[in-house]
$ cat target.cif   # mmCIF, C-alpha atoms and all ligand atoms
data_my_file
loop_
_atom_site.label_atom_id
_atom_site.label_comp_id
_atom_site.auth_asym_id
_atom_site.auth_seq_id
_atom_site.Cartn_x
_atom_site.Cartn_y
_atom_site.Cartn_z
CA MET A 1 153.16 -3.97 -54.60
CA ILE A 2 151.83 -0.46 -54.13
CA ASP A 3 153.18 1.92 -51.48
CA ILE A 4 150.23 4.26 -50.99
CA ALA A 5 146.46 3.82 -51.15
CA GLU A 6 145.86 6.31 -53.91
CA TYR A 7 142.23 7.37 -53.84
CA ASP A 8 142.82 9.61 -56.86
CA ILE A 9 143.52 6.70 -59.24
CA PHE A 10 139.92 5.48 -59.10
CA ASP A 11 138.39 8.92 -58.50
CA TYR A 12 137.01 7.55 -55.25
CA ASP A 13 134.65 10.01 -53.57
CA TYR A 14 135.09 9.17 -49.88
CA SER A 15 132.24 11.41 -48.75
CA LYS A 16 129.79 8.98 -50.45
CA TYR A 17 130.96 6.23 -48.09
CA TRP A 18 129.33 8.12 -45.24
CA GLU A 19 125.93 8.64 -46.82
CA ASN A 20 124.29 5.69 -45.02
CA ARG A 21 126.53 5.44 -41.98
CA ARG A 22 125.12 7.92 -39.49
CA TYR A 23 125.67 5.54 -36.55
CA GLU A 24 129.35 4.91 -37.37
CA ASN A 25 129.98 8.61 -38.03
CA LEU A 26 128.37 9.85 -34.81
CA ALA A 27 129.91 7.05 -32.73
CA GLU A 28 133.39 8.26 -33.78
CA LYS A 29 132.52 11.91 -33.25
CA ASN A 30 131.24 11.09 -29.77
CA VAL A 31 134.66 9.68 -28.82
CA LEU A 32 136.57 12.58 -30.39
CA ASN A 33 134.33 15.29 -28.91
CA LYS A 34 135.06 13.86 -25.47
CA ILE A 35 138.81 13.77 -26.12
CA PHE A 36 139.13 17.22 -27.68
CA LEU A 37 137.04 18.93 -25.02
CA LYS A 38 140.11 18.75 -22.79
CA LYS A 39 142.75 19.71 -25.39
CA ALA A 40 144.13 23.03 -26.55
CA GLY A 41 146.99 24.27 -28.67
CA TYR A 42 148.06 26.15 -31.80
CA TRP A 43 149.07 23.96 -34.80
CA PHE A 44 147.04 20.78 -35.29
CA LEU A 45 147.33 18.12 -38.00
CA ASP A 46 144.54 15.83 -39.28
CA ILE A 47 146.57 13.17 -41.11
CA GLY A 48 144.61 11.65 -43.98
CA GLY A 49 141.83 14.09 -43.09
CA SER A 50 140.15 13.84 -46.51
CA TYR A 51 137.11 16.13 -46.84
CA GLY A 52 137.19 17.23 -43.20
CA ARG A 53 134.60 14.81 -41.83
CA LEU A 54 136.06 15.15 -38.34
CA THR A 55 137.08 18.83 -38.37
CA SER A 56 134.12 19.84 -36.15
CA THR A 57 135.61 17.76 -33.30
CA TYR A 58 138.97 19.59 -33.06
CA TYR A 59 138.23 22.98 -34.65
CA GLU A 60 137.43 24.77 -31.38
CA SER A 61 140.42 23.30 -29.50
CA TYR A 62 143.26 24.33 -31.83
CA ASN A 63 143.99 27.70 -33.43
CA LYS A 64 145.47 26.42 -36.67
CA PRO A 65 144.28 23.03 -37.93
CA ILE A 66 145.77 21.58 -41.12
CA ILE A 67 144.12 18.80 -43.11
CA LEU A 68 146.80 16.72 -44.84
CA ASP A 69 145.85 14.13 -47.44
CA TYR A 70 147.50 12.29 -50.33
CA SER A 71 144.36 12.76 -52.41
CA LEU A 72 144.79 16.18 -54.02
CA LYS A 73 141.53 15.65 -55.92
CA THR A 74 139.60 15.26 -52.65
CA LEU A 75 141.15 18.42 -51.21
CA ILE A 76 140.45 20.45 -54.35
CA LYS A 77 136.88 19.19 -54.61
CA ASN A 78 136.06 20.02 -50.99
CA LYS A 79 138.15 23.14 -50.40
CA GLU A 80 135.34 25.69 -50.82
CA TYR A 81 133.08 23.80 -48.44
CA ILE A 82 135.81 23.26 -45.80
CA LYS A 83 137.05 26.85 -45.93
CA ALA A 84 133.52 28.25 -45.66
CA LYS A 85 132.54 25.99 -42.76
CA TYR A 86 135.88 26.15 -40.92
CA PRO A 87 137.62 29.47 -41.63
CA GLY A 88 141.39 29.34 -41.08
CA VAL A 89 141.79 25.60 -41.74
CA GLU A 90 144.70 24.90 -44.11
CA LEU A 91 144.72 22.12 -46.71
CA VAL A 92 147.97 20.43 -47.79
CA ALA A 93 148.47 17.51 -50.19
CA ALA A 94 151.26 15.29 -48.86
CA ASN A 95 152.32 11.78 -47.99
CA ALA A 96 152.08 10.76 -44.32
CA TYR A 97 155.48 9.05 -44.66
CA LYS A 98 157.15 12.30 -45.72
CA MET A 99 155.41 15.29 -44.28
CA PRO A 100 156.32 18.83 -45.36
CA PHE A 101 156.74 20.35 -41.91
CA LYS A 102 159.56 21.58 -39.70
CA LYS A 103 160.40 19.50 -36.64
CA ASP A 104 158.62 20.18 -33.33
CA THR A 105 155.69 21.98 -34.96
CA PHE A 106 152.42 20.44 -33.76
CA ASP A 107 150.60 20.66 -30.43
CA GLY A 108 148.10 18.06 -31.56
CA ALA A 109 147.45 15.51 -34.30
CA LEU A 110 144.86 12.94 -35.28
CA MET A 111 144.73 9.87 -37.50
CA VAL A 112 141.37 8.16 -38.03
CA ARG A 113 140.63 5.41 -40.57
CA VAL A 114 144.03 5.84 -42.20
CA ILE A 115 146.47 3.51 -40.45
CA HIS A 116 144.94 0.56 -42.32
CA HIS A 117 146.58 2.14 -45.39
CA ILE A 118 149.96 2.52 -43.64
CA GLU A 119 152.16 -0.45 -44.38
CA LYS A 120 155.49 1.01 -43.20
CA THR A 121 154.30 1.81 -39.70
CA ASP A 122 157.83 2.37 -38.36
CA THR A 123 158.60 4.95 -41.04
CA TYR A 124 155.34 6.73 -40.35
CA PHE A 125 155.78 6.92 -36.57
CA LYS A 126 159.35 8.17 -36.89
CA GLU A 127 158.13 10.93 -39.18
CA LEU A 128 155.26 11.74 -36.80
CA ASN A 129 157.65 11.92 -33.85
CA ARG A 130 159.77 14.44 -35.78
CA ILE A 131 156.98 16.95 -36.40
CA MET A 132 155.27 16.74 -32.98
CA LYS A 133 156.25 19.03 -30.09
CA ASN A 134 157.41 17.68 -26.76
CA GLY A 135 154.29 17.14 -24.61
CA SER A 136 151.86 17.28 -27.55
CA SER A 137 148.72 15.13 -28.01
CA TYR A 138 148.26 12.48 -30.66
CA ILE A 139 145.02 10.55 -31.21
CA GLN A 140 145.38 7.26 -33.05
CA GLU A 141 142.39 5.23 -34.28
CA PHE A 142 142.98 1.73 -35.60
CA PRO A 143 140.89 -1.18 -36.90
CA ASN A 144 141.10 -3.86 -34.25
CA LYS A 145 142.21 -7.26 -35.55
CA ILE A 146 140.87 -9.13 -32.50
CA HIS A 147 137.37 -7.62 -32.25
CA ILE A 148 134.72 -9.96 -30.88
CA LYS A 149 133.25 -11.07 -34.23
CA ALA A 150 136.71 -11.91 -35.61
CA VAL A 151 137.57 -13.89 -32.46
CA LEU A 152 134.34 -15.93 -32.59
CA ARG A 153 134.83 -16.63 -36.31
CA SER A 154 138.41 -17.82 -35.70
CA LEU A 155 137.45 -20.02 -32.77
CA LEU A 156 134.72 -21.69 -34.82
CA LYS A 157 137.26 -22.44 -37.55
CA LEU A 158 139.88 -23.50 -34.98
CA ASN A 159 142.22 -21.01 -36.63
CA PHE A 160 144.39 -19.27 -34.05
CA ASP A 161 146.48 -17.09 -36.42
CA LEU A 162 144.30 -14.15 -35.46
CA PHE A 163 145.97 -13.95 -32.05
CA LYS A 164 149.43 -13.33 -33.53
CA GLU A 165 150.46 -9.73 -33.13
CA ASP A 166 151.41 -9.10 -36.77
CA PRO A 167 149.10 -6.98 -38.97
CA TYR A 168 146.33 -8.75 -40.90
CA LEU A 169 145.90 -7.82 -44.57
CA GLN A 170 142.19 -7.85 -45.41
CA PRO A 171 141.09 -9.69 -48.57
CA LYS A 172 140.77 -7.57 -51.69
CA ALA A 173 137.40 -5.94 -52.12
CA THR A 174 135.66 -4.20 -54.96
CA GLY A 175 134.73 -0.59 -54.61
CA SER A 176 136.00 -0.42 -51.05
CA GLU A 177 137.94 2.74 -50.16
CA GLY A 178 139.32 3.29 -53.62
CA SER A 179 140.51 -0.27 -54.19
CA LYS A 180 139.41 -2.66 -56.90
CA LYS A 181 139.60 -6.43 -56.77
CA GLN A 182 142.08 -6.84 -59.61
CA TYR A 183 144.54 -4.32 -58.16
CA ASP A 184 146.86 -4.56 -55.15
CA HIS A 185 145.56 -2.76 -52.10
CA ILE A 186 146.69 -1.80 -48.61
CA PHE A 187 144.10 -2.52 -45.94
CA TYR A 188 145.37 -3.85 -42.62
CA ASN A 189 143.77 -4.64 -39.27
CA TYR A 190 146.02 -4.30 -36.23
CA HIS A 191 146.44 -6.11 -32.96
CA PRO A 192 146.13 -3.63 -30.04
CA LYS A 193 149.48 -4.85 -28.68
CA TYR A 194 151.18 -4.14 -32.01
CA ILE A 195 149.94 -0.53 -31.97
CA SER A 196 150.86 -0.05 -28.29
CA ARG A 197 154.39 -1.26 -28.96
CA LEU A 198 154.77 1.05 -31.95
CA LEU A 199 153.58 4.03 -29.96
CA LYS A 200 155.86 3.29 -27.02
CA LYS A 201 158.87 2.74 -29.29
CA ASN A 202 158.35 6.23 -30.69
CA ASN A 203 157.89 7.92 -27.29
CA PHE A 204 154.08 8.16 -27.30
CA LYS A 205 152.51 7.24 -23.97
CA ILE A 206 148.91 5.97 -24.02
CA LEU A 207 146.81 8.12 -21.70
CA LYS A 208 143.43 6.54 -22.39
CA LYS A 209 141.85 3.92 -24.63
CA TYR A 210 138.35 4.37 -26.13
CA GLY A 211 136.36 1.64 -27.87
CA CYS A 212 134.08 2.59 -30.78
CA SER A 213 131.40 1.16 -33.11
CA TYR A 214 130.48 -1.73 -30.80
CA LEU A 215 127.27 -2.37 -32.73
CA ARG A 216 128.65 -2.13 -36.28
CA SER A 217 126.50 -4.67 -38.11
CA PRO A 218 123.91 -4.30 -40.91
CA LEU A 219 121.59 -6.73 -39.10
CA ILE A 220 121.64 -4.76 -35.83
CA LYS A 221 121.03 -1.60 -37.84
CA LYS A 222 117.95 -3.17 -39.43
CA ILE A 223 116.56 -4.42 -36.12
CA LEU A 224 117.36 -1.53 -33.77
CA GLY A 225 117.60 1.51 -36.03
CA GLU A 226 120.38 4.10 -35.71
CA ASP A 227 118.92 6.17 -32.86
CA VAL A 228 118.69 3.23 -30.48
CA MET A 229 122.15 2.11 -31.59
CA LEU A 230 123.63 5.49 -30.80
CA PHE A 231 122.03 5.51 -27.37
CA ALA A 232 123.45 2.02 -26.65
CA GLU A 233 126.82 2.96 -28.18
CA LYS A 234 127.30 5.78 -25.67
CA ILE A 235 126.68 3.36 -22.79
CA LEU A 236 129.05 0.78 -24.28
CA GLN A 237 131.74 3.41 -24.86
CA SER A 238 131.67 4.44 -21.24
CA THR A 239 131.57 0.92 -19.79
CA LEU A 240 133.56 -1.35 -22.12
CA SER A 241 136.41 0.82 -23.39
CA TRP A 242 138.94 -1.21 -21.42
CA THR A 243 138.16 -4.32 -23.54
CA ASN A 244 139.24 -5.31 -27.06
CA ILE A 245 135.66 -6.14 -28.13
CA PRO A 246 134.96 -3.33 -30.65
CA PRO A 247 136.13 -3.17 -34.28
CA SER A 248 137.64 0.28 -33.83
CA ILE A 249 139.84 1.62 -31.02
CA PHE A 250 140.95 5.19 -30.33
CA LEU A 251 144.06 5.94 -28.26
CA ASP A 252 144.65 9.30 -26.63
CA THR A 253 148.45 9.62 -26.38
CA LYS A 254 151.08 12.12 -25.33
CA ILE A 255 154.61 12.35 -26.69
CA THR A 256 157.67 13.04 -24.55
CA LYS A 257 160.83 13.93 -26.43
CA LYS A 258 163.70 16.36 -26.46
CA GLY A 259 162.84 19.68 -27.99
CA LYS A 260 163.20 23.34 -27.22
CA LYS A 261 160.25 25.65 -26.71
CA GLY A 262 160.39 28.43 -29.26
CA GLU A 263 158.27 31.15 -30.79
CA ILE A 264 155.04 29.89 -32.34
CA PRO A 265 154.99 30.65 -36.08
CA HIS A 266 151.63 32.00 -37.15
CA ASN A 267 151.43 31.40 -40.88
CA LEU A 268 151.57 28.21 -42.91
CA ILE A 269 154.71 29.12 -44.84
CA SER A 270 156.73 29.37 -41.66
CA VAL A 271 156.00 25.78 -40.59
CA LEU A 272 156.65 24.20 -44.01
CA ALA A 273 159.85 22.31 -44.93
CA CYS A 274 160.92 20.13 -47.85
CA PRO A 275 159.14 16.76 -47.50
CA SER A 276 162.09 14.92 -49.07
CA CYS A 277 165.18 16.27 -47.30
CA LYS A 278 163.56 18.56 -44.66
CA GLY A 279 165.59 21.49 -46.02
CA ASN A 280 164.39 25.09 -45.95
CA LEU A 281 161.96 26.15 -48.63
CA LEU A 282 162.36 29.33 -50.63
CA PHE A 283 159.06 30.78 -51.71
CA LYS A 284 159.91 32.12 -55.14
CA ARG A 285 156.36 32.97 -56.11
CA GLU A 286 153.03 32.74 -54.35
CA ASP A 287 152.56 29.32 -55.98
CA LEU A 288 156.15 28.01 -56.16
CA ALA A 289 158.51 26.75 -53.45
CA ILE A 290 162.05 25.49 -54.04
CA CYS A 291 164.11 23.52 -51.56
CA GLU A 292 167.37 25.27 -50.68
CA LYS A 293 169.08 21.94 -50.05
CA CYS A 294 167.88 19.47 -52.74
CA SER A 295 166.42 22.00 -55.24
CA LYS A 296 163.10 20.12 -55.56
CA GLU A 297 160.23 22.31 -56.73
CA PHE A 298 156.75 22.27 -55.27
CA HIS A 299 153.66 23.95 -56.68
CA LYS A 300 150.36 25.21 -55.47
CA LYS A 301 147.52 23.65 -57.46
CA GLU A 302 144.15 25.38 -57.29
CA GLU A 303 145.37 27.15 -54.12
CA ILE A 304 146.57 23.94 -52.42
CA TRP A 305 150.26 23.15 -51.91
CA ASP A 306 151.20 19.85 -53.51
CA PHE A 307 154.02 18.37 -51.42
CA ARG A 308 153.42 14.74 -52.40
CA VAL A 309 156.65 12.76 -52.68
CA ASN A 310 157.20 9.02 -52.42
C1 LIG A 401 139.27 6.08 -45.24
S1 LIG A 401 139.82 7.73 -45.55
C2 LIG A 401 139.67 8.48 -43.94
C3 LIG A 401 139.49 9.97 -43.98
C4 LIG A 401 139.29 10.67 -42.62
N1 LIG A 401 140.41 10.48 -41.74
C5 LIG A 401 138.00 10.22 -41.98
O1 LIG A 401 138.06 9.42 -41.03
O2 LIG A 401 136.95 10.66 -42.41
C6 LIG A 401 141.56 7.53 -45.72
C7 LIG A 401 142.29 8.77 -46.22
O3 LIG A 401 143.70 8.57 -46.04
C8 LIG A 401 144.38 9.10 -47.14
N2 LIG A 401 145.70 8.44 -47.23
C9 LIG A 401 145.96 7.14 -47.45
N3 LIG A 401 147.30 6.93 -47.44
C10 LIG A 401 147.89 8.13 -47.22
C11 LIG A 401 149.24 8.58 -47.09
N4 LIG A 401 150.28 7.75 -47.20
N5 LIG A 401 149.46 9.89 -46.85
C12 LIG A 401 148.43 10.77 -46.72
N6 LIG A 401 147.14 10.40 -46.83
C13 LIG A 401 146.86 9.10 -47.07
C14 LIG A 401 143.46 8.82 -48.33
O4 LIG A 401 143.74 9.66 -49.42
C15 LIG A 401 142.08 9.04 -47.69
O5 LIG A 401 141.63 10.35 -47.87
ZN ZN A 402 164.77 19.13 -50.19
#

$ encode --input "target.cif" --output "C-alpha cells"
Amino acid sequence: MIDIAEYDIFDYDYSKYWENRRYENLAEKNVLNKIFLKKAGYWFLDIGGSYGRLTSTYYESYNKPIILDYSLKTLIKNKEYIKAKYPGVELVAANAYKMPFKKDTFDGALMVRVIHHIEKTDTYFKELNRIMKNGSSYIQEFPNKIHIKAVLRSLLKLNFDLFKEDPYLQPKATGSEGSKKQYDHIFYNYHPKYISRLLKKNNFKILKKYGCSYLRSPLIKKILGEDVMLFAEKILQSTLSWTNIPPSIFLDTKITKKGKKGEIPHNLISVLACPSCKGNLLFKREDLAICEKCSKEFHKKEEIWDFRVN
C-alpha cells in the first residue's frame, strides 16, 4: 500500500485537469473569495497547493503565503509563473504529514482537493494543529461521500453502506490525478460527520459550511453551458449550503489552543524547522540546512527547499 499520492511518479501535470473545467474552478473560487474577504493575517499555508490555482483567493488577505506540495516537479515547473503573478509567495516541497515549520506559526491555512489523498487523517490533523496559531483560520474542503447522486444510486441498489461514517475508497481509475489502474492509489470520499469529528477532536471549531459544485455533471454542462451553470451555482451556494447535497463541501474553521503570542518572524528561514524531529535547522549554505537535533540534511533544488520526508 502506498502512503502518499505521488504526482511526480507519473509526471502528472495537474494544471491540464483544469483546462475544460471552468465551472468547477470558478465555483470553488466563488466560495473562497467570500471566505477570504473577511480574513487577514501574516503567514498563510496552502497545503497541497500545487501550481497555485487558488492563490488569487487568499493573496490579498495574508502577507506571507506559502504553497506547500509533495510534488517538487510541479513546484519547479510553475515557480516562475507563480512568483511573477504573486510576488512574495514562497514555495516549499514537503509532506502534509510532516511539515517543516515551527509550532504556532500560521494565521491561516487552506486545503482544497487534497484530503482525498490523506489516509492517516489523525496524523495530519495533529500536525496541522501543531503549526497553527491559537485563534487562526483553517479552510477544509472535502469530497462529500453522501452527495445527492451517490445517495440516489445507493438507494436504487438497496445498498446502505454509504451512510456509514467511515471513508469510502473510490475505485481505481486510469489517468485520474496521477493514478493508474494497475497501481495502488489513495482517493477517499468523506462523510461530513467524519470530518466534523476530526476537526473537533483537534480543536477546530466549524464557523460556517459552504456547499460547492452542485451542478457537477457532464450532461448538465452540455445542456446549460458553463455561464448559466455559474449563475445557478451562486444561487445554490447561498441557499443550500446547510445541506449535504453537493459533491464538495468547504468548512471555515477556527482553532482554539494553548499558545503564546510572540514576535512575528518575517522571513521563511525563521519559520522553518526539521520536518522529522522538529529540531532547529542550521543554515550552513544558502542551499543547505542541517537539523541540530537529528543531523538530517535538506537541500534547495532549483531554488525550492526540499523538505519531503516520509
Ligand atoms: C488534486 S491536487 C489539488 C491542488 C490544489 N489544492 C487545487 O485545488 O488546485 C492535489 C495535490 O496534493 C498534493 N499532495 C498529495 N498528497 C500530499 C501530501 N501528503 N503532502 C503534500 N502534498 C500532497 C499533490 O502533489 C497535488 O499537487
Ligand atoms: Zn531533525

$ atom_distance --input "target.cif" --atom1 "atom CA of A:Ser270" --atom2 "atom C13 of ligand LIG 401 (chain A)"
23.2 Å

$ atom_distance --input "target.cif" --atom1 "atom CA of A:Asn95" --atom2 "atom CA of A:Ile4"
8.4 Å

$ residues_near_ligand --input "target.cif" --ligand "ligand ZN 402 (chain A)" --cutoff "12 Å" --atoms "only C-alpha atoms and all ligand atoms" --output "compact mmCIF listing (two decimals) with C-alpha atoms, keeping the file's coordinate frame"
# COMPACT_ATOMS: atom_id res chain seq x y z
CA LYS A 98 157.15 12.30 -45.72
CA MET A 99 155.41 15.29 -44.28
CA PRO A 100 156.32 18.83 -45.36
CA PHE A 101 156.74 20.35 -41.91
CA LYS A 102 159.56 21.58 -39.70
CA LEU A 272 156.65 24.20 -44.01
CA ALA A 273 159.85 22.31 -44.93
CA CYS A 274 160.92 20.13 -47.85
CA PRO A 275 159.14 16.76 -47.50
CA SER A 276 162.09 14.92 -49.07
CA CYS A 277 165.18 16.27 -47.30
CA LYS A 278 163.56 18.56 -44.66
CA GLY A 279 165.59 21.49 -46.02
CA ASN A 280 164.39 25.09 -45.95
CA LEU A 281 161.96 26.15 -48.63
CA LEU A 282 162.36 29.33 -50.63
CA ALA A 289 158.51 26.75 -53.45
CA ILE A 290 162.05 25.49 -54.04
CA CYS A 291 164.11 23.52 -51.56
CA GLU A 292 167.37 25.27 -50.68
CA LYS A 293 169.08 21.94 -50.05
CA CYS A 294 167.88 19.47 -52.74
CA SER A 295 166.42 22.00 -55.24
CA LYS A 296 163.10 20.12 -55.56
CA GLU A 297 160.23 22.31 -56.73
CA PHE A 298 156.75 22.27 -55.27
CA PHE A 307 154.02 18.37 -51.42
CA VAL A 309 156.65 12.76 -52.68

$ residues_near_point --input "target.cif" --point "(143.5, 8.8, -41.4)" --cutoff "8 Å" --atoms "all atoms listed in the file" --output "short mmCIF file (atom, residue, chain, number, x, y, z; two decimals) with C-alpha atoms, keeping the file's coordinate frame"
data_model
loop_
_atom_site.label_atom_id
_atom_site.label_comp_id
_atom_site.auth_asym_id
_atom_site.auth_seq_id
_atom_site.Cartn_x
_atom_site.Cartn_y
_atom_site.Cartn_z
CA ASP A 46 144.54 15.83 -39.28
CA ILE A 47 146.57 13.17 -41.11
CA GLY A 48 144.61 11.65 -43.98
CA GLY A 49 141.83 14.09 -43.09
CA SER A 50 140.15 13.84 -46.51
CA LEU A 110 144.86 12.94 -35.28
CA MET A 111 144.73 9.87 -37.50
CA VAL A 112 141.37 8.16 -38.03
CA ARG A 113 140.63 5.41 -40.57
CA VAL A 114 144.03 5.84 -42.20
CA ILE A 115 146.47 3.51 -40.45
#

$ residues_around --input "target.cif" --residues "A:Arg308" --least-positions-apart "2" --cutoff "8 Å" --atoms "all atoms listed in the file" --output "number ranges by chain"
A: 70, 93-95, 275, 306, 310

$ write_last_selection --input "target.cif" --atoms "C-alpha atoms" --output "PDB file, in the coordinates of the input"
ATOM      1  CA  TYR A  70     147.500  12.290 -50.330  1.00  0.00           C
ATOM      2  CA  ALA A  93     148.470  17.510 -50.190  1.00  0.00           C
ATOM      3  CA  ALA A  94     151.260  15.290 -48.860  1.00  0.00           C
ATOM      4  CA  ASN A  95     152.320  11.780 -47.990  1.00  0.00           C
ATOM      5  CA  PRO A 275     159.140  16.760 -47.500  1.00  0.00           C
ATOM      6  CA  ASP A 306     151.200  19.850 -53.510  1.00  0.00           C
ATOM      7  CA  ASN A 310     157.200   9.020 -52.420  1.00  0.00           C
TER       8      ASN A 310
END

$ residues_around --input "target.cif" --residues "A:Leu207" --least-positions-apart "4" --cutoff "10 Å" --atoms "all atoms listed in the file" --output "MDAnalysis selection string"
chainID A and resid 137 139 251:254

$ write_last_selection --input "target.cif" --atoms "C-alpha atoms" --output "PDB file, in the coordinates of the input"
ATOM      1  CA  SER A 137     148.720  15.130 -28.010  1.00  0.00           C
ATOM      2  CA  ILE A 139     145.020  10.550 -31.210  1.00  0.00           C
ATOM      3  CA  LEU A 251     144.060   5.940 -28.260  1.00  0.00           C
ATOM      4  CA  ASP A 252     144.650   9.300 -26.630  1.00  0.00           C
ATOM      5  CA  THR A 253     148.450   9.620 -26.380  1.00  0.00           C
ATOM      6  CA  LYS A 254     151.080  12.120 -25.330  1.00  0.00           C
TER       7      LYS A 254
END

$ residues_around --input "target.cif" --residues "A:Asp107" --least-positions-apart "3" --cutoff "10 Å" --atoms "all atoms listed in the file" --output "list in words"
Lys39, Ala40, Gly41, Tyr42, Trp43, Phe44, Leu45, Tyr62, Lys64, Asp104, Ile131, Met132, Lys133, Asn134, Gly135, Ser136, Ser137, Tyr138, Lys254 and Ile255 of chain A

$ write_last_selection --input "target.cif" --atoms "C-alpha atoms" --output "tab-separated table (two decimals), keeping the file's coordinate frame"
chain	number	residue	atom	x	y	z
A	39	LYS	CA	142.75	19.71	-25.39
A	40	ALA	CA	144.13	23.03	-26.55
A	41	GLY	CA	146.99	24.27	-28.67
A	42	TYR	CA	148.06	26.15	-31.80
A	43	TRP	CA	149.07	23.96	-34.80
A	44	PHE	CA	147.04	20.78	-35.29
A	45	LEU	CA	147.33	18.12	-38.00
A	62	TYR	CA	143.26	24.33	-31.83
A	64	LYS	CA	145.47	26.42	-36.67
A	104	ASP	CA	158.62	20.18	-33.33
A	131	ILE	CA	156.98	16.95	-36.40
A	132	MET	CA	155.27	16.74	-32.98
A	133	LYS	CA	156.25	19.03	-30.09
A	134	ASN	CA	157.41	17.68	-26.76
A	135	GLY	CA	154.29	17.14	-24.61
A	136	SER	CA	151.86	17.28	-27.55
A	137	SER	CA	148.72	15.13	-28.01
A	138	TYR	CA	148.26	12.48	-30.66
A	254	LYS	CA	151.08	12.12	-25.33
A	255	ILE	CA	154.61	12.35	-26.69

$ closest_residue --input "target.cif" --among "A:Thr105, A:Asn25, A:Asn189, A:Asn30" --to "A:Ile235" --atoms "all atoms listed in the file"
A:Asn30

$ decode --input "target.cif" --residues "stretch 272-289 of chain A" --atoms "N, CA and C atoms" --output "CSV table (one decimal), in the first residue's frame"
chain,number,residue,atom,x,y,z
A,272,LEU,N,11.0,28.0,9.6
A,272,LEU,CA,11.3,26.6,9.2
A,272,LEU,C,11.8,25.8,10.4
A,273,ALA,N,11.5,24.5,10.4
A,273,ALA,CA,12.0,23.5,11.4
A,273,ALA,C,12.2,22.2,10.8
A,274,CYS,N,12.9,21.3,11.4
A,274,CYS,CA,13.1,20.0,10.8
A,274,CYS,C,11.8,19.2,10.7
A,275,PRO,N,11.4,18.7,9.5
A,275,PRO,CA,10.1,18.1,9.4
A,275,PRO,C,10.1,16.7,10.1
A,276,SER,N,11.2,16.1,10.3
A,276,SER,CA,11.2,14.8,11.0
A,276,SER,C,11.1,14.9,12.5
A,277,CYS,N,12.0,15.7,13.1
A,277,CYS,CA,12.1,15.8,14.6
A,277,CYS,C,11.7,17.1,15.2
A,278,LYS,N,11.4,18.1,14.3
A,278,LYS,CA,11.0,19.5,14.7
A,278,LYS,C,12.1,20.2,15.3
A,279,GLY,N,13.4,19.7,15.2
A,279,GLY,CA,14.5,20.4,15.8
A,279,GLY,C,14.9,21.7,15.0
A,280,ASN,N,15.7,22.5,15.6
A,280,ASN,CA,16.2,23.7,14.9
A,280,ASN,C,17.0,23.4,13.7
A,281,LEU,N,16.9,24.2,12.7
A,281,LEU,CA,17.7,24.0,11.5
A,281,LEU,C,18.9,25.0,11.4
A,282,LEU,N,20.1,24.5,11.0
A,282,LEU,CA,21.2,25.3,10.9
A,282,LEU,C,21.4,25.5,9.4
A,283,PHE,N,21.4,26.8,8.9
A,283,PHE,CA,21.5,27.0,7.5
A,283,PHE,C,23.0,27.2,7.2
A,284,LYS,N,23.6,26.1,6.7
A,284,LYS,CA,25.0,26.1,6.5
A,284,LYS,C,25.5,26.8,5.2
A,285,ARG,N,24.6,26.7,4.2
A,285,ARG,CA,24.8,27.4,3.0
A,285,ARG,C,23.5,27.9,2.6
A,286,GLU,N,23.4,28.7,1.5
A,286,GLU,CA,22.2,29.3,1.0
A,286,GLU,C,21.2,28.1,0.6
A,287,ASP,N,21.8,27.0,0.2
A,287,ASP,CA,21.0,25.9,-0.3
A,287,ASP,C,21.1,24.6,0.5
A,288,LEU,N,21.6,24.7,1.8
A,288,LEU,CA,21.8,23.5,2.6
A,288,LEU,C,21.4,23.8,4.1
A,289,ALA,N,20.4,23.0,4.6
A,289,ALA,CA,20.0,23.1,6.0
A,289,ALA,C,20.3,21.8,6.7
